[in-house]
$ cat target-v7.txt   # compact mmCIF, C-alpha atoms
# COMPACT_ATOMS: atom_id res chain seq x y z
CA MET A 1 -7.27 -11.28 -0.33
CA PRO A 2 -4.64 -8.57 0.05
CA LYS A 3 -6.08 -7.33 3.39
CA LEU A 4 -4.75 -9.94 5.76
CA ASP A 5 -7.17 -11.45 8.25
CA ILE A 6 -4.61 -11.25 11.02
CA GLU A 7 -6.72 -12.82 13.75
CA THR A 8 -7.07 -16.04 11.76
CA ILE A 9 -3.32 -16.49 11.21
CA PRO A 10 -1.79 -19.02 13.61
CA GLN A 11 0.06 -17.45 16.53
CA SER A 12 3.12 -18.97 18.18
CA ASN A 13 5.60 -18.15 20.90
CA LYS A 14 8.14 -20.71 19.70
CA THR A 15 11.79 -19.73 19.60
CA GLY A 16 14.99 -21.38 18.48
CA TYR A 17 17.01 -19.67 21.23
CA PRO A 18 18.89 -22.08 23.49
CA ALA A 19 18.22 -21.89 27.23
CA PRO A 20 18.55 -19.68 29.16
CA PHE A 21 18.15 -17.10 26.36
CA ASP A 22 14.66 -18.37 25.48
CA ALA A 23 13.00 -17.25 28.72
CA ALA A 24 12.88 -13.54 27.84
CA VAL A 25 10.85 -14.17 24.66
CA ALA A 26 8.29 -16.61 26.14
CA GLY A 27 5.71 -13.79 26.06
CA ARG A 28 6.40 -12.88 22.42
CA TRP A 29 3.52 -14.10 20.22
CA TRP A 30 4.22 -13.87 16.49
CA ARG A 31 2.30 -14.47 13.28
CA ARG A 32 4.12 -14.88 9.97
CA LEU A 33 2.40 -12.56 7.44
CA ALA A 34 4.58 -12.94 4.36
CA PRO A 35 3.70 -16.59 3.56
CA VAL A 36 -0.01 -15.89 4.02
CA GLY A 37 0.23 -12.83 1.79
CA GLY A 38 2.27 -14.64 -0.86
CA LEU A 39 5.30 -12.40 -0.39
CA THR A 40 8.72 -13.82 -1.23
CA GLU A 41 10.90 -10.68 -1.37
CA MET A 42 10.41 -9.66 2.26
CA GLY A 43 9.63 -11.15 5.63
CA ALA A 44 6.79 -9.67 7.70
CA SER A 45 5.46 -10.63 11.10
CA HIS A 46 2.72 -9.39 13.41
CA VAL A 47 4.08 -9.54 16.95
CA VAL A 48 2.37 -9.15 20.33
CA LEU A 49 4.55 -8.67 23.41
CA GLN A 50 2.89 -9.55 26.67
CA PRO A 51 3.95 -7.44 29.66
CA GLY A 52 7.59 -8.16 30.45
CA ALA A 53 8.34 -9.86 27.13
CA TRP A 54 11.28 -9.02 24.89
CA SER A 55 11.05 -8.90 21.08
CA SER A 56 14.36 -10.80 20.89
CA GLN A 57 17.73 -10.89 22.51
CA ARG A 58 19.47 -7.63 21.61
CA HIS A 59 20.89 -8.32 18.14
CA TRP A 60 21.80 -7.10 14.71
CA HIS A 61 21.76 -8.57 11.19
CA ASN A 62 24.74 -8.36 8.86
CA ASP A 63 22.73 -9.06 5.71
CA GLU A 64 19.12 -7.95 6.28
CA ASP A 65 17.47 -4.57 6.72
CA GLU A 66 14.72 -4.39 9.34
CA LEU A 67 11.77 -2.01 9.71
CA LEU A 68 9.28 -1.91 12.58
CA VAL A 69 5.88 -0.16 12.76
CA MET A 70 4.31 0.14 16.23
CA LEU A 71 0.59 -0.65 16.20
CA THR A 72 -0.68 -0.63 19.79
CA GLY A 73 0.61 -0.14 23.31
CA GLU A 74 4.06 0.91 24.35
CA ALA A 75 7.52 -0.66 24.28
CA VAL A 76 11.05 0.46 25.11
CA LEU A 77 13.68 0.20 22.38
CA VAL A 78 17.08 -0.63 23.90
CA GLU A 79 20.34 0.00 22.02
CA ASP A 80 24.00 0.68 22.82
CA ASP A 81 23.30 4.34 23.33
CA GLY A 82 20.17 4.21 25.43
CA ARG A 83 16.45 3.71 25.66
CA THR A 84 13.62 5.11 23.50
CA VAL A 85 9.90 4.72 24.22
CA LEU A 86 7.90 3.59 21.17
CA ARG A 87 4.21 4.33 20.70
CA PRO A 88 1.63 3.62 17.96
CA GLY A 89 2.68 5.07 14.62
CA ASP A 90 6.37 5.09 15.49
CA VAL A 91 8.65 3.56 12.86
CA CYS A 92 12.18 2.21 13.42
CA ALA A 93 14.74 1.29 10.75
CA TRP A 94 17.82 -0.88 11.28
CA PRO A 95 20.16 -1.14 8.28
CA LYS A 96 22.01 -4.39 7.69
CA GLY A 97 25.51 -4.38 9.11
CA ALA A 98 24.89 -1.71 11.77
CA THR A 99 26.32 -3.42 14.87
CA ASN A 100 24.40 -1.30 17.37
CA GLY A 101 22.16 -4.13 18.60
CA HIS A 102 18.48 -3.52 19.27
CA HIS A 103 15.45 -5.06 20.88
CA LEU A 104 12.13 -3.99 22.34
CA ILE A 105 10.97 -4.66 25.90
CA ASN A 106 7.38 -4.32 26.99
CA GLU A 107 7.79 -2.66 30.37
CA SER A 108 4.11 -1.68 30.53
CA ASP A 109 1.29 -3.62 32.19
CA ALA A 110 -0.63 -4.18 28.91
CA PRO A 111 0.20 -6.01 25.67
CA CYS A 112 1.77 -4.08 22.82
CA SER A 113 1.92 -5.00 19.14
CA PHE A 114 3.96 -4.16 16.06
CA ILE A 115 4.68 -5.21 12.48
CA ALA A 116 8.29 -6.28 11.79
CA ILE A 117 9.54 -6.37 8.19
CA SER A 118 12.87 -7.65 6.87
CA ALA A 119 14.53 -7.77 3.46
CA GLY A 120 17.90 -8.88 2.16
CA ASN A 121 19.79 -12.15 2.43
CA ARG A 122 17.82 -14.41 4.75
CA SER A 123 20.72 -16.87 4.84
CA GLY A 124 22.98 -14.26 6.35
CA THR A 125 24.56 -13.83 9.75
CA GLY A 126 24.29 -11.65 12.83
CA ALA A 127 25.13 -11.47 16.50
CA TYR A 128 23.88 -10.53 19.95
CA SER A 129 25.09 -7.55 21.94
CA ASP A 130 24.69 -8.72 25.52
CA ILE A 131 25.23 -12.49 25.45
CA ASP A 132 27.79 -14.95 24.09
CA MET A 133 25.86 -15.80 20.92
CA LYS A 134 25.87 -15.25 17.17
CA PHE A 135 23.82 -16.84 14.38
CA ASP A 136 23.81 -17.98 10.78
CA ALA A 137 21.05 -19.53 8.67
CA ALA A 138 21.36 -22.88 10.41
CA GLY A 139 21.73 -22.08 14.06
CA TYR A 140 23.28 -20.38 17.05
CA TYR A 141 26.90 -20.39 18.19
CA ARG A 142 29.07 -19.03 20.96
CA LYS A 143 31.25 -16.22 19.66
CA ASP A 144 34.17 -18.71 19.51
CA GLY A 145 32.11 -20.78 17.02
CA THR A 146 30.97 -23.58 19.36
CA PRO A 147 27.40 -24.48 18.34
CA TYR A 148 24.44 -24.31 20.67
CA PRO A 149 22.16 -27.39 20.44
CA THR A 150 19.12 -25.60 18.86
CA GLU A 151 18.09 -24.61 15.35
CA ARG A 152 16.97 -21.19 14.17
CA MET A 153 13.27 -20.64 13.53
CA LYS A 154 12.44 -19.70 9.95
CA MET B 1 18.70 7.01 15.43
CA PRO B 2 16.60 3.97 14.50
CA LYS B 3 13.32 5.59 15.64
CA LEU B 4 12.61 7.83 12.70
CA ASP B 5 11.62 11.43 13.42
CA ILE B 6 8.89 11.31 10.80
CA GLU B 7 7.70 14.89 11.19
CA THR B 8 11.14 16.24 10.26
CA ILE B 9 11.41 14.24 7.01
CA PRO B 10 10.59 16.34 3.95
CA GLN B 11 7.10 15.78 2.59
CA SER B 12 6.19 15.99 -1.08
CA ASN B 13 3.20 15.49 -3.32
CA LYS B 14 5.29 15.24 -6.49
CA THR B 15 4.42 12.56 -9.02
CA GLY B 16 5.87 11.39 -12.30
CA TYR B 17 2.43 10.54 -13.69
CA PRO B 18 1.61 12.29 -16.96
CA ALA B 19 -1.52 14.45 -17.11
CA PRO B 20 -4.36 13.76 -16.67
CA PHE B 21 -3.38 10.81 -14.43
CA ASP B 22 -1.55 13.07 -11.97
CA ALA B 23 -4.66 14.86 -10.70
CA ALA B 24 -5.91 11.99 -8.54
CA VAL B 25 -2.69 11.90 -6.48
CA ALA B 26 -2.33 15.65 -5.90
CA GLY B 27 -3.50 15.10 -2.30
CA ARG B 28 -1.01 12.30 -1.64
CA TRP B 29 1.81 13.52 0.61
CA TRP B 30 4.73 11.13 0.93
CA ARG B 31 7.95 10.92 2.91
CA ARG B 32 10.74 8.54 1.90
CA LEU B 33 11.79 6.63 5.04
CA ALA B 34 14.31 4.13 3.68
CA PRO B 35 17.04 6.64 2.73
CA VAL B 36 16.70 8.41 6.09
CA GLY B 37 16.89 5.08 7.91
CA GLY B 38 19.85 3.88 5.86
CA LEU B 39 17.91 0.96 4.37
CA THR B 40 18.98 -0.34 0.97
CA GLU B 41 17.17 -3.69 0.76
CA MET B 42 13.63 -2.27 0.91
CA GLY B 43 11.71 0.86 0.09
CA ALA B 44 9.52 2.45 2.78
CA SER B 45 7.34 5.54 2.68
CA HIS B 46 5.05 7.33 5.12
CA VAL B 47 2.03 8.51 3.15
CA VAL B 48 -0.81 10.88 4.05
CA LEU B 49 -3.89 10.94 1.83
CA GLN B 50 -5.94 14.08 2.07
CA PRO B 51 -9.71 13.61 1.65
CA GLY B 52 -10.40 12.53 -1.93
CA ALA B 53 -6.80 11.60 -2.73
CA TRP B 54 -5.71 8.31 -4.27
CA SER B 55 -2.57 6.42 -3.21
CA SER B 56 -1.77 5.83 -6.91
CA GLN B 57 -3.46 4.90 -10.12
CA ARG B 58 -4.65 1.30 -9.71
CA HIS B 59 -1.54 -0.75 -10.52
CA TRP B 60 0.57 -3.81 -9.93
CA HIS B 61 4.29 -4.59 -9.89
CA ASN B 62 5.78 -7.51 -11.78
CA ASP B 63 9.02 -7.55 -9.79
CA GLU B 64 8.36 -6.08 -6.35
CA ASP B 65 6.36 -7.24 -3.34
CA GLU B 66 4.40 -4.56 -1.51
CA LEU B 67 3.15 -4.38 2.09
CA LEU B 68 0.98 -1.64 3.61
CA VAL B 69 0.28 -0.90 7.28
CA MET B 70 -2.59 1.51 8.03
CA LEU B 71 -1.72 4.02 10.74
CA THR B 72 -4.58 6.49 11.05
CA GLY B 73 -7.94 7.28 9.47
CA GLU B 74 -9.77 5.24 6.90
CA ALA B 75 -9.27 4.40 3.22
CA VAL B 76 -10.96 2.18 0.67
CA LEU B 77 -8.85 -0.46 -1.08
CA VAL B 78 -10.05 -0.96 -4.66
CA GLU B 79 -9.20 -4.08 -6.67
CA ASP B 80 -10.66 -6.10 -9.55
CA ASP B 81 -12.98 -7.92 -7.21
CA GLY B 82 -14.29 -5.09 -5.11
CA ARG B 83 -13.78 -2.64 -2.30
CA THR B 84 -12.42 -3.16 1.23
CA VAL B 85 -12.39 -0.54 3.98
CA LEU B 86 -9.00 -0.25 5.71
CA ARG B 87 -8.59 1.00 9.26
CA PRO B 88 -5.63 1.48 11.66
CA GLY B 89 -3.74 -1.77 12.24
CA ASP B 90 -4.88 -3.32 8.97
CA VAL B 91 -2.13 -4.85 6.85
CA CYS B 92 -2.27 -5.55 3.09
CA ALA B 93 0.15 -7.68 1.06
CA TRP B 94 0.54 -7.59 -2.73
CA PRO B 95 2.90 -10.20 -4.18
CA LYS B 96 4.94 -9.32 -7.25
CA GLY B 97 3.33 -10.49 -10.45
CA ALA B 98 -0.25 -10.58 -9.16
CA THR B 99 -2.07 -8.62 -11.87
CA ASN B 100 -5.08 -7.75 -9.72
CA GLY B 101 -4.33 -4.02 -9.56
CA HIS B 102 -4.79 -2.12 -6.30
CA HIS B 103 -4.97 1.37 -4.90
CA LEU B 104 -6.38 3.19 -1.90
CA ILE B 105 -8.86 6.06 -2.02
CA ASN B 106 -9.54 8.31 0.93
CA GLU B 107 -13.31 8.69 0.71
CA SER B 108 -13.56 10.10 4.23
CA ASP B 109 -13.55 13.75 5.25
CA ALA B 110 -10.32 13.50 7.27
CA PRO B 111 -6.71 12.64 6.34
CA CYS B 112 -5.55 9.04 6.61
CA SER B 113 -1.99 7.72 6.80
CA PHE B 114 -0.11 4.51 6.18
CA ILE B 115 3.36 3.01 5.80
CA ALA B 116 4.10 1.43 2.39
CA ILE B 117 7.01 -1.01 2.06
CA SER B 118 8.42 -2.61 -1.08
CA ALA B 119 11.15 -5.17 -1.81
CA GLY B 120 12.43 -6.88 -4.92
CA ASN B 121 13.76 -5.55 -8.20
CA ARG B 122 13.27 -1.79 -8.21
CA SER B 123 14.20 -1.67 -11.88
CA GLY B 124 11.25 -3.86 -12.77
CA THR B 125 8.00 -3.26 -14.60
CA GLY B 126 4.29 -3.02 -13.93
CA ALA B 127 1.04 -1.73 -15.32
CA TYR B 128 -2.21 0.05 -14.53
CA SER B 129 -5.62 -1.58 -14.44
CA ASP B 130 -7.93 1.25 -15.46
CA ILE B 131 -5.90 3.44 -17.81
CA ASP B 132 -3.74 3.04 -20.91
CA MET B 133 -0.41 3.03 -19.06
CA LYS B 134 2.42 0.76 -17.98
CA PHE B 135 5.84 1.51 -16.48
CA ASP B 136 9.45 0.45 -16.30
CA ALA B 137 12.37 1.90 -14.32
CA ALA B 138 12.70 4.87 -16.65
CA GLY B 139 9.18 6.00 -17.34
CA TYR B 140 5.60 5.57 -18.41
CA TYR B 141 4.22 4.19 -21.67
CA ARG B 142 0.94 3.50 -23.38
CA LYS B 143 0.27 -0.22 -23.49
CA ASP B 144 1.40 -0.20 -27.15
CA GLY B 145 4.83 1.06 -25.96
CA THR B 146 4.49 4.74 -26.92
CA PRO B 147 6.26 6.75 -24.19
CA TYR B 148 4.55 9.42 -22.13
CA PRO B 149 6.64 12.57 -21.72
CA THR B 150 7.35 12.22 -17.98
CA GLU B 151 9.87 10.33 -15.84
CA ARG B 152 9.15 8.03 -12.92
CA MET B 153 9.83 9.31 -9.42
CA LYS B 154 12.40 7.30 -7.48
$ encode --input "target-v7.txt" --output "structure tokens"
Amino acid sequence: MPKLDIETIPQSNKTGYPAPFDAAVAGRWWRRLAPVGGLTEMGASHVVLQPGAWSSQRHWHNDEDELLVMLTGEAVLVEDDGRTVLRPGDVCAWPKGATNGHHLINESDAPCSFIAISAGNRSGTGAYSDIDMKFDAAGYYRKDGTPYPTERMK
Amino acid sequence: MPKLDIETIPQSNKTGYPAPFDAAVAGRWWRRLAPVGGLTEMGASHVVLQPGAWSSQRHWHNDEDELLVMLTGEAVLVEDDGRTVLRPGDVCAWPKGATNGHHLINESDAPCSFIAISAGNRSGTGAYSDIDMKFDAAGYYRKDGTPYPTERMK
């Protein structure tokens, strides 16, 4: 059925981030839509951020484009050059290789939700703007290349 | 700016469909988001359907996945096996190669809007469920291969 029955898709707040970087995303509840929908050319997730939760550590991808569609509630997009409030119907685009890291923070007192889509080389790399961390397909590393002891979520 | 200023992006109701198949999409007003956002790994459009308008002729893609996120209003998804009403927050996924053709019809008396995303081989092929037409990157053809005299929109 092409219309996804989102409520029936398992929800998780798991993360591969090593401590202490995992704490900020404990209130991020995601559902993977692409496997349920049979899609192989893009990734797609339904994400709920509880009040206070971050969508991720502030990051960029070197090899994947990202698109976000706000569904409900309000979140603040944080980037190198400032803050932007996002509301339902807003759409954000982050091209691969743009090193202006981004994430969303739910600073409101109610949940917010969005759809996040990605396309490109899922085995690629990226890095984080505010912490000593970068990633590849397998895991997380300090910027000097020393691995952290956790694996990336698929 | 990653948050797209959708209202400032040019809107068009152009189509490459040959007559008489173009009439049903005359009330479909699209904006191309991916070029404005700098995305190259996916296509993304903001689409408004005026009352009565179709999103497309009922079709499928052999080489591209599609995802749709309803933003406002109401539309009816039509496929081989029936009709499904779509409302804000609904998400549909159409894997490449699934020959159960799909389109949306705005049967309401108000505009509706959605975001449509695609990824995969943009030079691929596809076909239409209800009319004597198929497509490749260059144009439209009868199912026996005879070309129609119009070009596909990019």
$ closest_atom_pairs --input "target-v7.txt" --of "region 14-125 of chain A" --to "region 38-60 of chain B" --cutoff "10 Å" --atoms "only C-alpha atoms" --output "Markdown table"
| residue | atom | partner | partner_atom | distance |
| --- | --- | --- | --- | --- |
| A:Glu41 | CA | B:Met42 | CA | 9.1 |
| A:Met42 | CA | B:Met42 | CA | 8.2 |
| A:Asp63 | CA | B:Glu41 | CA | 9.2 |
| A:Glu64 | CA | B:Glu41 | CA | 7.2 |
| A:Asp65 | CA | B:Leu39 | CA | 6.0 |
| A:Glu66 | CA | B:Leu39 | CA | 8.0 |
| A:Leu67 | CA | B:Ala44 | CA | 8.5 |
| A:Val91 | CA | B:His46 | CA | 9.3 |
| A:Ala93 | CA | B:Leu39 | CA | 7.1 |
| A:Trp94 | CA | B:Leu39 | CA | 7.2 |
| A:Pro95 | CA | B:Leu39 | CA | 5.0 |
| A:Lys96 | CA | B:Leu39 | CA | 7.5 |
| A:Ala98 | CA | B:Gly38 | CA | 9.6 |
| A:Ile117 | CA | B:Met42 | CA | 9.3 |
| A:Ser118 | CA | B:Met42 | CA | 8.1 |
| A:Ala119 | CA | B:Glu41 | CA | 5.6 |
| A:Gly120 | CA | B:Glu41 | CA | 5.4 |
| A:Asn121 | CA | B:Glu41 | CA | 9.0 |
$ calpha_fit_and_write --input "target-v7.txt" --fixed "chain A" --moving "chain B" --output "tab-separated table (two decimals) with C-alpha atoms, keeping the file's coordinate frame"
chain	number	residue	atom	x	y	z
B	1	MET	CA	-7.28	-11.28	-0.33
B	2	PRO	CA	-4.63	-8.58	0.07
B	3	LYS	CA	-6.08	-7.33	3.39
B	4	LEU	CA	-4.74	-9.94	5.75
B	5	ASP	CA	-7.17	-11.47	8.25
B	6	ILE	CA	-4.60	-11.25	11.02
B	7	GLU	CA	-6.71	-12.82	13.75
B	8	THR	CA	-7.06	-16.05	11.76
B	9	ILE	CA	-3.30	-16.50	11.21
B	10	PRO	CA	-1.77	-19.02	13.61
B	11	GLN	CA	0.06	-17.45	16.53
B	12	SER	CA	3.12	-18.97	18.17
B	13	ASN	CA	5.60	-18.16	20.89
B	14	LYS	CA	8.15	-20.72	19.69
B	15	THR	CA	11.80	-19.73	19.60
B	16	GLY	CA	15.00	-21.38	18.49
B	17	TYR	CA	17.01	-19.67	21.22
B	18	PRO	CA	18.90	-22.06	23.49
B	19	ALA	CA	18.22	-21.91	27.23
B	20	PRO	CA	18.55	-19.69	29.16
B	21	PHE	CA	18.15	-17.10	26.37
B	22	ASP	CA	14.67	-18.36	25.47
B	23	ALA	CA	13.01	-17.24	28.70
B	24	ALA	CA	12.89	-13.54	27.83
B	25	VAL	CA	10.85	-14.17	24.66
B	26	ALA	CA	8.30	-16.60	26.14
B	27	GLY	CA	5.73	-13.77	26.07
B	28	ARG	CA	6.40	-12.89	22.43
B	29	TRP	CA	3.54	-14.09	20.22
B	30	TRP	CA	4.22	-13.89	16.50
B	31	ARG	CA	2.31	-14.48	13.28
B	32	ARG	CA	4.11	-14.89	9.96
B	33	LEU	CA	2.40	-12.58	7.45
B	34	ALA	CA	4.59	-12.94	4.36
B	35	PRO	CA	3.72	-16.58	3.56
B	36	VAL	CA	0.00	-15.88	4.03
B	37	GLY	CA	0.25	-12.82	1.79
B	38	GLY	CA	2.27	-14.65	-0.85
B	39	LEU	CA	5.30	-12.39	-0.40
B	40	THR	CA	8.72	-13.82	-1.23
B	41	GLU	CA	10.90	-10.69	-1.38
B	42	MET	CA	10.42	-9.67	2.27
B	43	GLY	CA	9.64	-11.16	5.64
B	44	ALA	CA	6.79	-9.69	7.70
B	45	SER	CA	5.46	-10.64	11.11
B	46	HIS	CA	2.73	-9.38	13.41
B	47	VAL	CA	4.08	-9.55	16.95
B	48	VAL	CA	2.38	-9.16	20.34
B	49	LEU	CA	4.56	-8.67	23.41
B	50	GLN	CA	2.90	-9.55	26.67
B	51	PRO	CA	3.94	-7.42	29.66
B	52	GLY	CA	7.59	-8.14	30.45
B	53	ALA	CA	8.34	-9.86	27.14
B	54	TRP	CA	11.28	-9.01	24.89
B	55	SER	CA	11.05	-8.89	21.08
B	56	SER	CA	14.36	-10.80	20.90
B	57	GLN	CA	17.74	-10.89	22.52
B	58	ARG	CA	19.47	-7.62	21.60
B	59	HIS	CA	20.89	-8.32	18.13
B	60	TRP	CA	21.80	-7.10	14.69
B	61	HIS	CA	21.76	-8.55	11.18
B	62	ASN	CA	24.74	-8.35	8.86
B	63	ASP	CA	22.73	-9.06	5.71
B	64	GLU	CA	19.14	-7.95	6.28
B	65	ASP	CA	17.47	-4.56	6.72
B	66	GLU	CA	14.73	-4.38	9.33
B	67	LEU	CA	11.77	-2.01	9.70
B	68	LEU	CA	9.27	-1.91	12.58
B	69	VAL	CA	5.89	-0.18	12.76
B	70	MET	CA	4.30	0.13	16.22
B	71	LEU	CA	0.58	-0.66	16.19
B	72	THR	CA	-0.68	-0.62	19.77
B	73	GLY	CA	0.60	-0.15	23.31
B	74	GLU	CA	4.06	0.91	24.35
B	75	ALA	CA	7.53	-0.66	24.29
B	76	VAL	CA	11.04	0.45	25.11
B	77	LEU	CA	13.68	0.20	22.38
B	78	VAL	CA	17.08	-0.63	23.89
B	79	GLU	CA	20.34	0.00	22.02
B	80	ASP	CA	24.00	0.68	22.83
B	81	ASP	CA	23.29	4.34	23.34
B	82	GLY	CA	20.16	4.21	25.43
B	83	ARG	CA	16.44	3.71	25.65
B	84	THR	CA	13.61	5.11	23.50
B	85	VAL	CA	9.90	4.73	24.22
B	86	LEU	CA	7.92	3.59	21.17
B	87	ARG	CA	4.23	4.32	20.71
B	88	PRO	CA	1.63	3.62	17.97
B	89	GLY	CA	2.67	5.09	14.62
B	90	ASP	CA	6.37	5.09	15.48
B	91	VAL	CA	8.65	3.56	12.86
B	92	CYS	CA	12.18	2.20	13.42
B	93	ALA	CA	14.75	1.31	10.75
B	94	TRP	CA	17.82	-0.89	11.27
B	95	PRO	CA	20.16	-1.13	8.28
B	96	LYS	CA	22.02	-4.38	7.68
B	97	GLY	CA	25.51	-4.35	9.11
B	98	ALA	CA	24.89	-1.71	11.78
B	99	THR	CA	26.31	-3.42	14.87
B	100	ASN	CA	24.39	-1.30	17.37
B	101	GLY	CA	22.16	-4.13	18.60
B	102	HIS	CA	18.47	-3.51	19.26
B	103	HIS	CA	15.45	-5.05	20.88
B	104	LEU	CA	12.12	-4.00	22.35
B	105	ILE	CA	10.97	-4.66	25.90
B	106	ASN	CA	7.37	-4.31	26.98
B	107	GLU	CA	7.78	-2.65	30.37
B	108	SER	CA	4.11	-1.68	30.55
B	109	ASP	CA	1.30	-3.62	32.18
B	110	ALA	CA	-0.63	-4.17	28.92
B	111	PRO	CA	0.20	-6.01	25.67
B	112	CYS	CA	1.77	-4.07	22.82
B	113	SER	CA	1.92	-5.00	19.13
B	114	PHE	CA	3.95	-4.17	16.07
B	115	ILE	CA	4.67	-5.22	12.49
B	116	ALA	CA	8.29	-6.28	11.79
B	117	ILE	CA	9.54	-6.37	8.19
B	118	SER	CA	12.86	-7.64	6.87
B	119	ALA	CA	14.54	-7.76	3.45
B	120	GLY	CA	17.91	-8.87	2.17
B	121	ASN	CA	19.78	-12.15	2.43
B	122	ARG	CA	17.82	-14.42	4.75
B	123	SER	CA	20.72	-16.86	4.81
B	124	GLY	CA	22.98	-14.25	6.35
B	125	THR	CA	24.55	-13.83	9.76
B	126	GLY	CA	24.29	-11.66	12.84
B	127	ALA	CA	25.13	-11.48	16.50
B	128	TYR	CA	23.89	-10.53	19.95
B	129	SER	CA	25.08	-7.55	21.95
B	130	ASP	CA	24.67	-8.73	25.53
B	131	ILE	CA	25.23	-12.49	25.45
B	132	ASP	CA	27.78	-14.96	24.10
B	133	MET	CA	25.86	-15.80	20.92
B	134	LYS	CA	25.86	-15.25	17.18
B	135	PHE	CA	23.81	-16.84	14.38
B	136	ASP	CA	23.81	-17.97	10.79
B	137	ALA	CA	21.05	-19.52	8.67
B	138	ALA	CA	21.36	-22.88	10.40
B	139	GLY	CA	21.73	-22.09	14.06
B	140	TYR	CA	23.27	-20.42	17.05
B	141	TYR	CA	26.89	-20.40	18.20
B	142	ARG	CA	29.06	-19.04	20.95
B	143	LYS	CA	31.23	-16.23	19.64
B	144	ASP	CA	34.15	-18.70	19.49
B	145	GLY	CA	32.09	-20.79	17.01
B	146	THR	CA	30.95	-23.58	19.37
B	147	PRO	CA	27.39	-24.50	18.33
B	148	TYR	CA	24.42	-24.33	20.68
B	149	PRO	CA	22.15	-27.37	20.44
B	150	THR	CA	19.13	-25.62	18.88
B	151	GLU	CA	18.07	-24.62	15.36
B	152	ARG	CA	16.95	-21.20	14.17
B	153	MET	CA	13.26	-20.66	13.51
B	154	LYS	CA	12.43	-19.70	9.94
$ closest_residue --input "target-v7.txt" --among "A:Thr99, A:Asn62, A:Thr15, A:Thr72" --to "chain B" --atoms "only C-alpha atoms"
A:Thr72
$ closest_residue --input "target-v7.txt" --among "B:Ala138, B:Val69, B:Leu77, B:Ile105" --to "Gly89 (chain A)" --atoms "all atoms listed in the file"
B:Val69
$ residues_near_point --input "target-v7.txt" --point "(-5.3, -13.0, 16.7)" --cutoff "12 Å" --atoms "only C-alpha atoms" --output "number ranges by chain"
A: 4-12, 29-32, 46-48, 113
$ closest_residue --input "target-v7.txt" --among "A:Gly16, A:Gly82, A:Pro111, A:Gly27" --to "chain B" --atoms "all atoms listed in the file"
A:Gly82
$ closest_residue --input "target-v7.txt" --among "A:Glu74, A:Asp81, A:Glu151, A:Asp144" --to "chain B" --atoms "all atoms listed in the file"
A:Asp81
$ atom_distance --input "target-v7.txt" --atom1 "CA of Asn13 (chain A)" --atom2 "CA of Cys112 (chain A)"
14.7 Å
$ atom_distance --input "target-v7.txt" --atom1 "CA of Gly101 (chain B)" --atom2 "CA of Asp80 (chain B)"
6.7 Å
$ atom_distance --input "target-v7.txt" --atom1 "CA of Pro2 (chain B)" --atom2 "CA of Glu79 (chain A)"
9.3 Å
$ closest_residue --input "target-v7.txt" --among "A:Gly124, A:Asp130, A:His102, A:Ile115" --to "Phe21 (chain A)" --atoms "all atoms listed in the file"
A:Asp130
$ closest_residue --input "target-v7.txt" --among "B:Tyr17, B:Phe114, B:Tyr140, B:Tyr128" --to "chain A" --atoms "all atoms listed in the file"
B:Phe114
$ build_atoms --input "target-v7.txt" --residues "region 37-47 of chain A" --atoms "N, CA and C atoms" --output "PDB file, in the frame of the given file"
ATOM      1  N   GLY A  37       0.454 -13.831   2.818  1.00  0.00           N
ATOM      2  CA  GLY A  37       0.230 -12.830   1.790  1.00  0.00           C
ATOM      3  C   GLY A  37       0.869 -13.158   0.449  1.00  0.00           C
ATOM      4  N   GLY A  38       1.621 -14.255   0.390  1.00  0.00           N
ATOM      5  CA  GLY A  38       2.270 -14.640  -0.860  1.00  0.00           C
ATOM      6  C   GLY A  38       3.539 -13.873  -1.161  1.00  0.00           C
ATOM      7  N   LEU A  39       4.085 -13.204  -0.168  1.00  0.00           N
ATOM      8  CA  LEU A  39       5.300 -12.400  -0.390  1.00  0.00           C
ATOM      9  C   LEU A  39       6.547 -13.273  -0.292  1.00  0.00           C
ATOM     10  N   THR A  40       7.474 -13.060  -1.223  1.00  0.00           N
ATOM     11  CA  THR A  40       8.720 -13.820  -1.230  1.00  0.00           C
ATOM     12  C   THR A  40       9.949 -12.914  -1.141  1.00  0.00           C
ATOM     13  N   GLU A  41       9.758 -11.615  -1.348  1.00  0.00           N
ATOM     14  CA  GLU A  41      10.900 -10.680  -1.370  1.00  0.00           C
ATOM     15  C   GLU A  41      11.148 -10.036  -0.010  1.00  0.00           C
ATOM     16  N   MET A  42      10.213 -10.216   0.921  1.00  0.00           N
ATOM     17  CA  MET A  42      10.410  -9.660   2.260  1.00  0.00           C
ATOM     18  C   MET A  42       9.805 -10.617   3.277  1.00  0.00           C
ATOM     19  N   GLY A  43      10.284 -10.501   4.515  1.00  0.00           N
ATOM     20  CA  GLY A  43       9.630 -11.150   5.630  1.00  0.00           C
ATOM     21  C   GLY A  43       8.767 -10.136   6.355  1.00  0.00           C
ATOM     22  N   ALA A  44       7.651 -10.576   6.937  1.00  0.00           N
ATOM     23  CA  ALA A  44       6.790  -9.670   7.700  1.00  0.00           C
ATOM     24  C   ALA A  44       6.091 -10.479   8.775  1.00  0.00           C
ATOM     25  N   SER A  45       6.120  -9.963   9.983  1.00  0.00           N
ATOM     26  CA  SER A  45       5.460 -10.630  11.100  1.00  0.00           C
ATOM     27  C   SER A  45       4.647  -9.631  11.897  1.00  0.00           C
ATOM     28  N   HIS A  46       3.496 -10.115  12.410  1.00  0.00           N
ATOM     29  CA  HIS A  46       2.720  -9.390  13.410  1.00  0.00           C
ATOM     30  C   HIS A  46       3.143  -9.954  14.758  1.00  0.00           C
ATOM     31  N   VAL A  47       3.545  -9.079  15.670  1.00  0.00           N
ATOM     32  CA  VAL A  47       4.080  -9.540  16.950  1.00  0.00           C
ATOM     33  C   VAL A  47       3.343  -8.862  18.094  1.00  0.00           C
TER      34      VAL A  47
END
